[in-house]
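*Asks:* Below is the file target.cif, which contains mmCIF, C-alpha atoms.
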```
data_input
#
loop_
_atom_site.label_atom_id
_atom_site.label_comp_id
_atom_site.auth_asym_id
_atom_site.auth_seq_id
_atom_site.Cartn_x
_atom_site.Cartn_y
_atom_site.Cartn_z
CA MET A 1 -33.29 -24.73 -17.97
CA SER A 2 -32.68 -28.16 -16.45
CA GLU A 3 -32.74 -28.67 -12.67
CA ARG A 4 -28.99 -29.30 -12.74
CA ARG A 5 -28.32 -26.02 -14.51
CA LYS A 6 -30.68 -24.19 -12.17
CA HIS A 7 -28.76 -25.55 -9.19
CA LEU A 8 -25.41 -24.52 -10.63
CA GLU A 9 -26.74 -21.07 -11.54
CA PHE A 10 -27.83 -20.67 -7.93
CA LEU A 11 -24.32 -21.65 -6.79
CA ARG A 12 -22.81 -19.08 -9.14
CA LYS A 13 -25.15 -16.33 -8.02
CA THR A 14 -24.48 -17.05 -4.34
CA ALA A 15 -20.73 -17.20 -4.93
CA ARG A 16 -20.85 -13.88 -6.74
CA GLU A 17 -22.66 -12.28 -3.83
CA ALA A 18 -20.00 -13.67 -1.50
CA ILE A 19 -17.23 -12.15 -3.61
CA TRP A 20 -18.84 -8.74 -3.58
CA ALA A 21 -19.16 -8.97 0.20
CA GLY A 22 -15.49 -9.90 0.42
CA ASP A 23 -16.11 -13.48 1.58
CA TYR A 24 -13.71 -15.12 -0.86
CA GLU A 25 -13.37 -18.39 1.02
CA ARG A 26 -17.10 -18.99 0.80
CA ALA A 27 -17.13 -18.07 -2.89
CA LEU A 28 -14.26 -20.47 -3.55
CA THR A 29 -16.03 -23.31 -1.76
CA LEU A 30 -19.17 -22.71 -3.81
CA TYR A 31 -17.24 -22.62 -7.08
CA ASP A 32 -15.34 -25.78 -6.12
CA ASP A 33 -18.65 -27.51 -5.43
CA GLY A 34 -20.02 -26.38 -8.78
CA LEU A 35 -16.88 -27.49 -10.60
CA SER A 36 -17.07 -30.96 -9.02
CA LEU A 37 -20.71 -31.30 -9.98
CA ALA A 38 -20.09 -30.15 -13.56
CA ARG A 39 -17.29 -32.70 -13.88
CA SER A 40 -19.38 -35.50 -12.42
CA TRP A 41 -22.13 -34.67 -14.92
CA LYS A 42 -19.53 -34.47 -17.69
CA ASP A 43 -20.90 -31.08 -18.71
CA ARG A 44 -17.91 -29.45 -20.39
CA ASP A 45 -19.56 -26.02 -20.80
CA LEU A 46 -20.36 -25.76 -17.12
CA GLU A 47 -16.95 -27.08 -16.17
CA ASP A 48 -15.32 -24.35 -18.27
CA LEU A 49 -17.61 -21.74 -16.78
CA PHE A 50 -16.84 -22.75 -13.19
CA SER A 51 -13.12 -23.01 -13.97
CA CYS A 52 -13.20 -19.36 -15.10
CA ASN A 53 -15.20 -18.26 -12.05
CA ARG A 54 -12.91 -20.16 -9.70
CA ALA A 55 -9.82 -18.56 -11.27
CA THR A 56 -11.38 -15.09 -10.90
CA THR A 57 -11.91 -15.75 -7.19
CA LEU A 58 -8.30 -16.90 -6.72
CA ILE A 59 -7.06 -13.77 -8.51
CA GLU A 60 -9.15 -11.66 -6.12
CA MET A 61 -7.54 -13.56 -3.26
CA ASP A 62 -4.08 -12.77 -4.67
CA ARG A 63 -3.46 -16.46 -5.23
CA ARG A 64 -1.74 -17.95 -8.27
CA ASP A 65 -2.61 -21.62 -7.79
CA PHE A 66 -4.80 -22.01 -10.82
CA ASP A 67 -4.17 -23.24 -14.32
CA LEU A 68 -3.63 -20.19 -16.51
CA SER A 69 -2.91 -22.34 -19.55
CA GLY A 70 -6.22 -24.10 -18.88
CA LEU A 71 -7.99 -20.75 -19.33
CA LYS A 72 -6.28 -20.31 -22.68
CA GLU A 73 -7.38 -23.80 -23.67
CA ILE A 74 -10.97 -22.80 -22.90
CA LEU A 75 -10.50 -19.76 -25.12
CA LEU A 76 -9.15 -21.91 -27.97
CA ARG A 77 -11.88 -24.53 -27.61
CA ASN A 78 -14.63 -21.87 -27.52
CA PRO A 79 -13.56 -19.10 -29.87
CA SER A 80 -17.11 -17.90 -30.46
CA SER A 81 -18.96 -18.44 -27.22
CA TYR A 82 -19.48 -16.81 -23.84
CA ASN A 83 -17.00 -19.15 -22.17
CA GLY A 84 -14.27 -18.21 -24.65
CA ALA A 85 -14.79 -14.49 -24.10
CA LEU A 86 -14.89 -15.02 -20.33
CA ALA A 87 -11.71 -17.12 -20.40
CA ALA A 88 -9.93 -14.33 -22.31
CA TYR A 89 -11.14 -11.81 -19.74
CA VAL A 90 -9.98 -13.91 -16.78
CA ALA A 91 -6.63 -14.62 -18.46
CA ALA A 92 -6.18 -10.86 -18.92
CA ASN A 93 -6.89 -10.32 -15.23
CA ALA A 94 -4.41 -13.05 -14.30
CA HIS A 95 -1.65 -11.47 -16.38
CA GLU A 96 -2.44 -8.05 -14.95
CA ALA A 97 -2.17 -9.43 -11.41
CA ARG A 98 1.24 -10.87 -12.33
CA GLY A 99 2.40 -7.53 -13.69
CA GLU A 100 2.52 -8.90 -17.25
CA PHE A 101 0.80 -5.92 -18.77
CA GLY A 102 1.55 -6.65 -22.43
CA ARG A 103 -0.09 -10.06 -22.21
CA ALA A 104 -2.92 -8.63 -20.13
CA LEU A 105 -3.57 -6.12 -22.89
CA PHE A 106 -3.59 -8.85 -25.53
CA TYR A 107 -6.19 -10.96 -23.72
CA ALA A 108 -8.28 -7.95 -22.67
CA GLN A 109 -8.50 -6.89 -26.31
CA ALA A 110 -9.48 -10.45 -27.26
CA ALA A 111 -12.16 -10.46 -24.54
CA LEU A 112 -13.51 -7.14 -25.74
CA ALA A 113 -13.58 -8.18 -29.40
CA LYS A 114 -15.36 -11.48 -28.63
CA SER A 115 -17.83 -9.87 -26.23
CA ARG A 116 -18.73 -7.23 -28.79
CA GLU A 117 -19.05 -9.84 -31.52
CA LEU A 118 -21.40 -11.92 -29.37
CA GLY A 119 -23.36 -8.94 -28.07
CA LEU A 120 -22.43 -9.65 -24.43
CA GLU A 121 -23.05 -6.26 -22.86
CA GLU A 122 -21.81 -7.01 -19.34
CA LEU A 123 -18.60 -8.67 -20.49
CA THR A 124 -18.06 -5.86 -23.00
CA GLY A 125 -18.39 -3.35 -20.15
CA THR A 126 -16.07 -5.22 -17.80
CA SER A 127 -13.53 -5.77 -20.61
CA LEU A 128 -13.58 -2.04 -21.33
CA ASN A 129 -13.07 -1.40 -17.63
CA LEU A 130 -10.08 -3.74 -17.61
CA LEU A 131 -8.56 -2.17 -20.73
CA ALA A 132 -9.02 1.25 -19.17
CA ASN A 133 -7.28 0.08 -16.01
CA LEU A 134 -4.33 -1.06 -18.11
CA GLU A 135 -4.24 2.40 -19.71
CA LEU A 136 -4.36 3.97 -16.26
CA HIS A 137 -1.45 1.87 -15.16
CA GLU A 138 0.51 3.36 -18.06
CA SER A 139 -0.55 6.86 -16.99
CA ARG A 140 -2.63 7.42 -20.12
CA PHE A 141 -5.42 9.19 -18.29
CA GLU A 142 -7.33 10.65 -21.22
CA SER A 143 -7.49 7.35 -23.05
CA ALA A 144 -8.47 5.54 -19.82
CA ARG A 145 -11.18 8.12 -19.14
CA ASP A 146 -12.78 7.52 -22.55
CA LEU A 147 -12.75 3.75 -22.08
CA PHE A 148 -14.21 4.01 -18.56
CA GLN A 149 -16.91 6.30 -19.92
CA GLU A 150 -17.89 3.68 -22.48
CA ALA A 151 -17.74 0.94 -19.82
CA VAL A 152 -20.10 2.90 -17.58
CA GLU A 153 -22.54 3.42 -20.44
CA ARG A 154 -22.52 -0.29 -21.29
CA LEU A 155 -22.89 -1.44 -17.70
CA ASP A 156 -25.45 1.20 -16.76
CA SER A 157 -27.70 -0.06 -19.51
CA GLN A 158 -27.79 -3.50 -17.92
CA GLY A 159 -30.23 -2.70 -15.15
CA GLU A 160 -30.18 -3.11 -11.41
CA SER A 161 -28.47 -6.48 -11.20
CA LEU A 162 -25.26 -5.13 -12.70
CA SER A 163 -25.08 -1.83 -10.92
CA ARG A 164 -22.11 -3.00 -8.85
CA GLN A 165 -19.95 -3.39 -11.96
CA ALA A 166 -21.19 -0.03 -13.18
CA ALA A 167 -20.34 1.49 -9.81
CA VAL A 168 -16.76 0.19 -10.02
CA ALA A 169 -16.34 1.64 -13.51
CA THR A 170 -17.91 4.91 -12.34
CA ASP A 171 -15.38 5.17 -9.52
CA ASN A 172 -12.54 4.58 -11.99
CA LEU A 173 -13.95 7.24 -14.30
CA GLY A 174 -14.16 9.64 -11.37
CA TYR A 175 -10.56 8.92 -10.42
CA CYS A 176 -9.42 9.76 -13.97
CA HIS A 177 -11.10 13.15 -13.75
CA ILE A 178 -9.58 13.81 -10.33
CA ALA A 179 -6.11 12.85 -11.57
CA LEU A 180 -6.62 15.16 -14.55
CA ASP A 181 -7.33 17.99 -12.09
CA ARG A 182 -11.05 18.00 -12.82
CA VAL A 183 -11.91 17.25 -9.23
CA GLU A 184 -15.32 18.91 -9.47
CA VAL A 185 -16.30 16.38 -12.16
CA GLY A 186 -14.66 13.35 -10.61
CA LEU A 187 -15.67 13.74 -7.00
CA PRO A 188 -19.46 13.37 -7.50
CA LEU A 189 -18.88 10.28 -9.67
CA VAL A 190 -16.78 8.63 -6.98
CA ALA A 191 -19.26 9.61 -4.26
CA ARG A 192 -22.11 8.11 -6.28
CA SER A 193 -20.16 4.92 -6.85
CA LEU A 194 -19.40 4.53 -3.16
CA SER A 195 -23.00 5.10 -2.25
CA VAL A 196 -24.17 2.33 -4.65
CA LEU A 197 -21.52 -0.10 -3.44
CA ASP A 198 -22.34 0.66 0.19
CA SER A 199 -26.06 0.13 -0.36
CA LEU A 200 -25.34 -3.21 -2.03
CA GLY A 201 -23.03 -4.37 0.75
CA ALA A 202 -20.12 -4.62 -1.67
CA ARG A 203 -17.51 -3.78 0.97
CA GLN A 204 -14.76 -5.50 -0.96
CA ALA A 205 -15.09 -2.90 -3.75
CA MET A 206 -15.27 0.16 -1.51
CA ASP A 207 -11.57 0.62 -0.76
CA TYR A 208 -10.64 2.41 -3.96
CA PRO A 209 -13.60 4.81 -3.90
CA ALA A 210 -12.72 5.72 -0.30
CA LEU A 211 -9.10 6.26 -1.33
CA ASP A 212 -10.18 8.34 -4.34
CA LEU A 213 -12.40 10.54 -2.16
CA CYS A 214 -9.50 11.10 0.21
CA PHE A 215 -7.29 12.05 -2.77
CA ALA A 216 -9.93 14.45 -4.12
CA HIS A 217 -10.43 16.15 -0.76
CA VAL A 218 -6.69 16.55 -0.20
CA LYS A 219 -6.50 18.22 -3.61
CA LEU A 220 -9.34 20.54 -2.61
CA ALA A 221 -7.73 21.18 0.79
CA ARG A 222 -10.86 19.87 2.53
CA LEU A 223 -8.73 18.24 5.12
CA ASP A 224 -11.33 16.99 7.59
CA GLU A 225 -13.10 15.14 4.79
CA ALA A 226 -9.78 13.84 3.51
CA GLU A 227 -8.95 12.50 6.95
CA ASN A 228 -12.31 10.70 7.25
CA TRP A 229 -11.99 9.00 3.87
CA GLY A 230 -8.33 8.21 4.36
CA ILE A 231 -9.06 6.41 7.61
CA ARG A 232 -11.87 4.50 5.94
CA ALA A 233 -9.68 3.52 2.97
CA LEU A 234 -6.94 2.38 5.32
CA GLY A 235 -9.37 0.22 7.28
CA LEU A 236 -10.81 -1.38 4.14
CA GLY A 237 -7.37 -1.93 2.64
CA LYS A 238 -6.24 -3.73 5.80
CA GLU A 239 -9.47 -5.71 6.03
CA PHE A 240 -9.11 -7.07 2.49
CA GLY A 241 -5.32 -7.35 2.44
CA ARG A 242 -4.78 -4.74 -0.27
CA GLU A 243 -1.22 -3.57 0.29
CA ASP A 244 -1.36 -0.94 -2.45
CA VAL A 245 -4.46 0.63 -0.91
CA VAL A 246 -2.89 0.57 2.56
CA LYS A 247 0.32 2.23 1.38
CA ASN A 248 -1.51 4.91 -0.59
CA ALA A 249 -3.86 5.55 2.33
CA HIS A 250 -0.91 5.99 4.70
CA TYR A 251 0.60 8.45 2.26
CA LEU A 252 -2.56 10.48 1.73
CA LEU A 253 -3.34 10.55 5.44
CA ALA A 254 0.19 11.71 6.17
CA GLU A 255 -0.15 14.51 3.62
CA THR A 256 -3.48 15.45 5.15
CA TYR A 257 -2.10 15.63 8.68
CA SER A 258 0.93 17.47 7.42
CA GLU A 259 -1.29 20.09 5.77
CA MET A 260 -3.31 20.33 9.00
CA GLY A 261 -0.13 20.95 10.96
CA ARG A 262 -0.67 17.76 12.97
CA GLU A 263 2.92 16.66 12.69
CA PRO A 264 2.92 13.77 15.22
CA GLU A 265 0.07 12.08 13.32
CA ALA A 266 1.73 12.80 9.98
CA SER A 267 4.92 11.29 11.29
CA GLU A 268 3.07 8.19 12.43
CA GLN A 269 1.64 7.69 8.93
CA TYR A 270 4.99 8.31 7.23
CA GLU A 271 6.61 5.79 9.54
CA ALA A 272 3.92 3.23 8.77
CA LEU A 273 4.53 3.76 5.05
CA ALA A 274 8.32 3.72 5.39
CA SER A 275 8.10 0.38 7.23
CA TYR A 276 7.25 -1.23 3.87
CA TYR A 277 10.63 -0.12 2.54
CA PRO A 278 13.23 -1.31 5.08
CA ASP A 279 16.04 -0.98 2.51
CA PHE A 280 15.41 2.74 2.25
CA PRO A 281 16.04 4.16 5.73
CA ALA A 282 16.09 7.77 4.53
CA LEU A 283 12.59 7.53 3.09
CA LYS A 284 10.81 9.01 6.07
CA HIS A 285 12.93 12.15 5.80
CA TYR A 286 12.00 12.58 2.15
CA LEU A 287 8.34 12.08 2.89
CA HIS A 288 8.38 14.81 5.49
CA GLN A 289 9.68 17.35 3.04
CA VAL A 290 8.48 16.45 -0.44
CA SER A 291 4.88 16.39 -1.61
CA LEU A 292 4.27 13.75 -4.24
CA MET A 293 0.61 14.61 -4.67
CA ASP A 294 0.83 15.52 -8.33
CA VAL A 295 3.16 12.78 -9.45
CA ILE A 296 1.40 9.93 -7.72
CA ASN A 297 -0.78 7.50 -9.63
CA LEU A 298 -3.02 5.59 -7.20
CA ARG A 299 -3.63 2.91 -9.86
CA ALA A 300 -0.04 2.26 -10.93
CA MET B 301 -3.01 22.51 -2.46
CA SER B 302 -3.79 22.02 -6.12
CA SER B 303 -1.68 24.91 -7.37
CA HIS B 304 1.06 23.94 -4.94
CA SER B 305 1.09 20.39 -6.27
CA SER B 306 1.03 21.53 -9.90
CA ARG B 307 4.24 23.36 -9.29
CA LYS B 308 5.71 20.19 -7.82
CA ILE B 309 4.94 17.92 -10.70
CA SER B 310 7.12 19.91 -13.08
CA LEU B 311 9.70 20.20 -10.35
CA VAL B 312 9.92 16.45 -10.00
CA GLY B 313 9.99 15.77 -13.74
CA SER B 314 12.61 18.36 -14.47
CA ARG B 315 14.59 17.51 -11.33
CA ILE B 316 14.64 13.83 -12.27
CA ARG B 317 16.14 14.77 -15.62
CA GLU B 318 18.74 17.08 -14.02
CA LEU B 319 19.69 14.56 -11.36
CA ARG B 320 19.95 11.74 -13.87
CA LYS B 321 22.26 13.85 -16.02
CA ALA B 322 24.30 14.94 -13.00
CA ARG B 323 24.85 11.26 -12.22
CA ARG B 324 25.71 10.62 -15.86
CA LEU B 325 23.00 8.04 -16.29
CA THR B 326 21.23 7.57 -19.60
CA GLN B 327 17.47 7.23 -19.66
CA THR B 328 17.93 3.57 -20.57
CA GLU B 329 20.22 2.95 -17.59
CA LEU B 330 17.95 4.66 -15.09
CA SER B 331 14.78 3.11 -16.47
CA GLU B 332 16.36 -0.35 -16.15
CA ARG B 333 17.33 0.32 -12.56
CA ILE B 334 13.84 1.44 -11.55
CA GLY B 335 12.02 -1.11 -13.69
CA ILE B 336 10.07 1.02 -16.13
CA ALA B 337 10.26 1.52 -19.90
CA GLN B 338 12.63 4.16 -21.22
CA SER B 339 9.73 5.85 -23.00
CA ASP B 340 7.86 6.12 -19.69
CA LEU B 341 10.89 7.66 -17.99
CA SER B 342 11.04 10.17 -20.82
CA ARG B 343 7.36 11.04 -20.23
CA MET B 344 8.01 11.25 -16.50
CA GLU B 345 10.80 13.75 -17.05
CA GLN B 346 8.38 15.83 -19.08
CA GLY B 347 5.85 15.72 -16.22
CA GLU B 348 3.38 13.58 -18.17
CA TYR B 349 3.82 10.25 -16.46
CA LYS B 350 2.55 9.59 -12.95
CA VAL B 351 3.86 6.68 -10.98
CA GLY B 352 3.02 4.57 -7.99
CA LEU B 353 4.80 5.01 -4.69
CA ASP B 354 7.04 1.97 -5.24
CA THR B 355 8.52 3.39 -8.44
CA LEU B 356 8.88 6.87 -7.06
CA PHE B 357 10.75 5.60 -4.02
CA LYS B 358 13.05 3.53 -6.24
CA ILE B 359 14.00 6.69 -8.12
CA LEU B 360 14.78 8.54 -4.91
CA GLN B 361 16.81 5.58 -3.71
CA VAL B 362 18.86 5.36 -6.92
CA PHE B 363 19.70 9.05 -6.73
CA ASP B 364 20.40 8.96 -3.00
CA LEU B 365 19.53 12.63 -2.77
CA LYS B 366 20.04 15.21 -0.17
CA MET B 367 16.93 17.25 0.40
CA GLY B 368 18.54 20.47 -0.74
CA GLU B 369 19.67 18.73 -3.89
CA PHE B 370 16.16 17.50 -4.57
CA PHE B 371 14.87 21.02 -4.52
CA GLY B 372 17.72 22.25 -6.71
CA GLU B 373 19.31 24.27 -3.93
CA THR B 374 23.05 24.60 -4.20
CA ASP B 375 25.20 22.64 -1.78
CA ARG B 376 28.07 24.17 0.07
CA PRO B 377 30.53 24.99 -2.74
CA GLU B 378 33.14 22.53 -1.48
CA GLU B 379 30.59 19.67 -1.48
CA ALA B 380 29.62 20.34 -5.07
CA GLN B 381 33.31 20.64 -5.99
CA ALA B 382 34.09 17.35 -4.23
CA ARG B 383 31.33 15.53 -6.10
CA GLU B 384 32.60 16.86 -9.40
CA LEU B 385 36.14 15.79 -8.54
CA VAL B 386 35.00 12.28 -7.66
CA ARG B 387 33.13 12.00 -10.95
CA ASP B 388 36.17 13.21 -12.89
CA PHE B 389 38.48 10.89 -10.93
CA CYS B 390 36.32 7.88 -11.75
CA GLU B 391 36.69 8.59 -15.44
CA LEU B 392 40.49 8.57 -15.36
CA SER B 393 42.69 5.63 -16.31
CA GLY B 394 44.37 3.58 -13.55
CA GLU B 395 47.74 5.24 -14.11
CA ALA B 396 46.22 8.72 -14.09
CA ARG B 397 44.35 7.92 -10.86
CA ARG B 398 47.62 6.85 -9.18
CA GLU B 399 49.22 10.13 -10.25
CA VAL B 400 46.31 12.07 -8.79
CA GLN B 401 46.53 10.09 -5.55
CA ASP B 402 50.29 10.74 -5.33
CA PHE B 403 49.70 14.42 -5.91
CA VAL B 404 47.00 14.55 -3.23
CA ARG B 405 49.33 12.79 -0.77
CA PHE B 406 52.05 15.28 -1.60
CA LYS B 407 49.72 18.22 -1.02
CA ARG B 408 48.56 16.79 2.32
CA LEU B 409 52.14 16.31 3.50
CA GLN B 410 52.92 19.83 2.41
CA GLN B 411 49.93 21.12 4.33
CA GLU B 412 50.73 19.10 7.47
CA HIS B 413 54.28 20.35 7.45
CA SER B 414 53.26 23.96 7.08
CA GLU B 415 50.83 23.61 9.99
CA ALA B 416 53.52 22.02 12.22
CA THR B 417 56.24 24.59 11.49
CA PRO B 418 55.02 28.16 11.19
CA GLY B 419 56.88 30.03 8.54
CA PRO B 420 57.38 29.33 4.88
CA ALA B 421 54.89 26.97 3.31
CA TRP B 422 57.63 24.55 2.33
CA PRO B 423 60.97 24.01 4.09
CA GLU B 424 63.75 26.02 2.65
CA GLU B 425 67.11 24.47 2.04
CA PRO B 426 69.39 24.70 5.09
CA LYS B 427 71.48 27.81 4.95
CA GLY B 428 75.20 27.72 5.44
CA GLU B 429 75.64 24.25 4.06
CA LYS B 430 77.29 23.54 0.86
CA THR B 431 75.19 22.14 -1.79
CA SER B 432 76.54 19.27 -3.74
#
```
What does this structure look like when you write it as structure tokens?
*Replies:*
Amino acid sequence: MSERRKHLEFLRKTAREAIWAGDYERALTLYDDGLSLARSWKDRDLEDLFSCNRATTLIEMDRRDFDLSGLKEILLRNPSSYNGALAAYVAANAHEARGEFGRALFYAQAALAKSRELGLEELTGTSLNLLANLELHESRFESARDLFQEAVERLDSQGESLSRQAAVATDNLGYCHIALDRVEVGLPLVARSLSVLDSLGARQAMDYPALDLCFAHVKLARLDEAENWGIRALGLGKEFGREDVVKNAHYLLAETYSEMGREPEASEQYEALASYYPDFPALKHYLHQVSLMDVINLRA
Amino acid sequence: MSSHSSRKISLVGSRIRELRKARRLTQTELSERIGIAQSDLSRMEQGEYKVGLDTLFKILQVFDLKMGEFFGETDRPEEAQARELVRDFCELSGEARREVQDFVRFKRLQQEHSEATPGPAWPEEPKGEKTS
């Protein structure tokens, strides 16, 4: 590997660490630096690679100011290479973030097919994880569970360096089991995932596992545990600006307090949740009287 | 909690179907209003489809439910009767609606008069006067 490539690989590795730690601004700066260097060296492969990485970071930041059509150009220019498969994967993520699930499915399937064809285990695993998430969004829990299972197997076989991706897929797999009322199977998977992510300092990825643990404990009526995890999920959701996590955490905490008979605290959580829906003033009253625990999909 | 919630999932699915029908909405109409596919609404009514909070709250908002109604409890009979009358009224032609409104006005006048003058429900013709 040339010195230039070594330098850019170091930038990528550092940026990736920053993303996992939730420091998106730093990751973006590093990817921007790498992109500028690749362009100045007129290295098209590296430019494509950094363009994909940069877009992934912006998606994580909930930003849309990147060239989605540029990703598709990369895919068309590199139909049988890592960059092409990666571009398809990032395009799928971009469409998912925009709520364009049909297109997301199309590109996720393309990413999976190309990754499999090229023998790219990590990208195969993450593409499976993405496809499974799209299934989850459509409430197809059994199908999602099978895809997550395969994703975990692929990513687990990649060794220590990829255990964070495996941990994310493991959490998703656990959530599927919990949603399918197999809490005793799902809960240990989620707990294991959280433990791995915590040990790796991947705070940015810990919000959903915390939320899932809260959900599992509410289902088991272990209310003290549910409260602890709910508070943690709420804190992480706020820290990383994840509105869906925050809303779900408010809801689960409210249900927990309600079950505990701690009505003032339940009311506080319901009010916090209802504040996101100012056009629905009666919402708080519904929330006080109707449990949505078995109709809620935390990933929809 | 788990068994309690299991009971609620079928309650919500079946109640959504009942409430949709009571409001004379087709699956297509309701699914368009809440922003999901008709096939997903169908699965939801069967208790197979789980949704995020945003979608669930949209459904509740479209139905504008009373709590008792959500749980399938019966309203006071006159409230249920009034709702049915409003639905029927809305399906009438313009001319038929005017006739109903005239009739309602007539009945109110009749009622007000009977409350003001105890006795027969409707004034009798004056006695001792010749009729033309």
*Asks:* Select residues of chain A: the criterion is any atom within 9 Å of an atom of chain B, counting all atoms listed in the file; output as JSON, numbers by chain.
*Replies:* {"A": [137, 138, 139, 140, 181, 218, 219, 220, 221, 244, 247, 248, 251, 259, 277, 280, 282, 283, 285, 286, 289, 290, 291, 292, 293, 294, 295, 296, 297, 298, 299, 300]}
*Asks:* One decimal, Å: what's the distance from atom CA of A:Tyr82 over to atom CA of A:Lys13, could you say?
*Replies:*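 Computed distance, atom CA of A:Tyr82 to atom CA of A:Lys13, equals 16.8 Å.
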*Asks:* Go through A:Arg39, A:Arg192, A:Arg12, A:His177 and flag the residue nearest A:Asn53, using only C-alpha atoms for the distances.
*Replies:*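 Selected residue with least distance to A:Asn53: A:Arg12.
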*Asks:* Neighbours of A:Gln149 within 8 Å (all atoms listed in the file; same-chain residues fewer than 3 positions away dropped), as a PyMOL selection string?
*Replies:* chain A and resi 145-146+152-153+169-170+173
*Asks:* Fewer than 4 positions away in the same chain doesn't count, so skip those; otherwise give me all residues within 7 Å of A:Ala111, counting all atoms listed in the file, as a PDB file with C-alpha atoms, in the coordinates of the input.
*Replies:*
```pdb
ATOM      1  CA  ALA A  85     -14.790 -14.490 -24.100  1.00  0.00           C
ATOM      2  CA  LEU A  86     -14.890 -15.020 -20.330  1.00  0.00           C
ATOM      3  CA  ALA A  88      -9.930 -14.330 -22.310  1.00  0.00           C
ATOM      4  CA  TYR A  89     -11.140 -11.810 -19.740  1.00  0.00           C
ATOM      5  CA  TYR A 107      -6.190 -10.960 -23.720  1.00  0.00           C
ATOM      6  CA  SER A 115     -17.830  -9.870 -26.230  1.00  0.00           C
ATOM      7  CA  SER A 127     -13.530  -5.770 -20.610  1.00  0.00           C
TER       8      SER A 127
END
```
*Asks:* So the first atom is atom CA of A:Arg203 and the second is atom CA of A:His250; what is the distance between them in Å, to one decimal place?
*Replies:*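 Atom CA of A:His250 lies 19.6 Å from atom CA of A:Arg203.
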*Asks:* Once the PyMOL selection byres ((chain A and resi 41-44) around 12) is applied to the coordinates I shared, what remains selected? I want it as JSON, numbers by chain.
*Replies:* {"A": [4, 5, 8, 34, 35, 36, 37, 38, 39, 40, 45, 46, 47, 48, 49, 50, 51, 74, 77, 78, 83]}
*Asks:* Would you save the residues of that selection, restricted to C-alpha atoms, as a PDB file, in the frame of the given file?
*Replies:*
```pdb
ATOM      1  CA  ARG A   4     -28.990 -29.300 -12.740  1.00  0.00           C
ATOM      2  CA  ARG A   5     -28.320 -26.020 -14.510  1.00  0.00           C
ATOM      3  CA  LEU A   8     -25.410 -24.520 -10.630  1.00  0.00           C
ATOM      4  CA  GLY A  34     -20.020 -26.380  -8.780  1.00  0.00           C
ATOM      5  CA  LEU A  35     -16.880 -27.490 -10.600  1.00  0.00           C
ATOM      6  CA  SER A  36     -17.070 -30.960  -9.020  1.00  0.00           C
ATOM      7  CA  LEU A  37     -20.710 -31.300  -9.980  1.00  0.00           C
ATOM      8  CA  ALA A  38     -20.090 -30.150 -13.560  1.00  0.00           C
ATOM      9  CA  ARG A  39     -17.290 -32.700 -13.880  1.00  0.00           C
ATOM     10  CA  SER A  40     -19.380 -35.500 -12.420  1.00  0.00           C
ATOM     11  CA  ASP A  45     -19.560 -26.020 -20.800  1.00  0.00           C
ATOM     12  CA  LEU A  46     -20.360 -25.760 -17.120  1.00  0.00           C
ATOM     13  CA  GLU A  47     -16.950 -27.080 -16.170  1.00  0.00           C
ATOM     14  CA  ASP A  48     -15.320 -24.350 -18.270  1.00  0.00           C
ATOM     15  CA  LEU A  49     -17.610 -21.740 -16.780  1.00  0.00           C
ATOM     16  CA  PHE A  50     -16.840 -22.750 -13.190  1.00  0.00           C
ATOM     17  CA  SER A  51     -13.120 -23.010 -13.970  1.00  0.00           C
ATOM     18  CA  ILE A  74     -10.970 -22.800 -22.900  1.00  0.00           C
ATOM     19  CA  ARG A  77     -11.880 -24.530 -27.610  1.00  0.00           C
ATOM     20  CA  ASN A  78     -14.630 -21.870 -27.520  1.00  0.00           C
ATOM     21  CA  ASN A  83     -17.000 -19.150 -22.170  1.00  0.00           C
TER      22      ASN A  83
END
```
*Asks:* From the options A:Ala272, A:Ala91, A:Leu147, A:Cys214, which residue's atoms come nearest to A:Leu252, counting all atoms listed in the file?
*Replies:*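 Among the listed residues, A:Cys214 lies closest to A:Leu252.
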*Asks:* Step by step, work through what the PyMOL selection byres ((chain A and resi 223-226) around 12) selects in the shown file, and finish by giving those residues as a PyMOL selection string.
*Replies:* (chain A and resi 210-222+227-234+249-262) or (chain B and resi 301)
*Asks:* Can you measure atom CA of B:Ala322 to atom CA of B:Leu392 for me? One decimal in Å is fine.
*Replies:*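 According to the coordinates, atom CA of B:Ala322 and atom CA of B:Leu392 are separated by 17.6 Å.
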*Asks:* Could you list, as a ChimeraX atom specification, every residue within 10 Å of A:Arg16, counting only C-alpha atoms and ignoring same-chain residues fewer than 5 positions away?
*Replies:* /A:10-11,21-24,26-28,30-31,53,57
*Asks:* Measuring atom to atom with all atoms listed in the file, identify which of A:Leu187, A:Leu273, A:Met61, A:Leu130 is nearest to A:Val246.
*Replies:*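 Counting all atoms listed in the file, the residue closest to A:Val246 is A:Leu273.
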*Asks:* I'd like the neighbourhood of stretch 63-71 of chain A as a list in words, where a residue qualifies if any of its atoms comes within 7 Å (using all atoms listed in the file), though same-chain residues fewer than 5 positions away should be ignored.
*Replies:*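 Using all atoms listed in the file, the neighbours found are Cys52, Ala55, Leu58, Ala87 and Ala91 of chain A.
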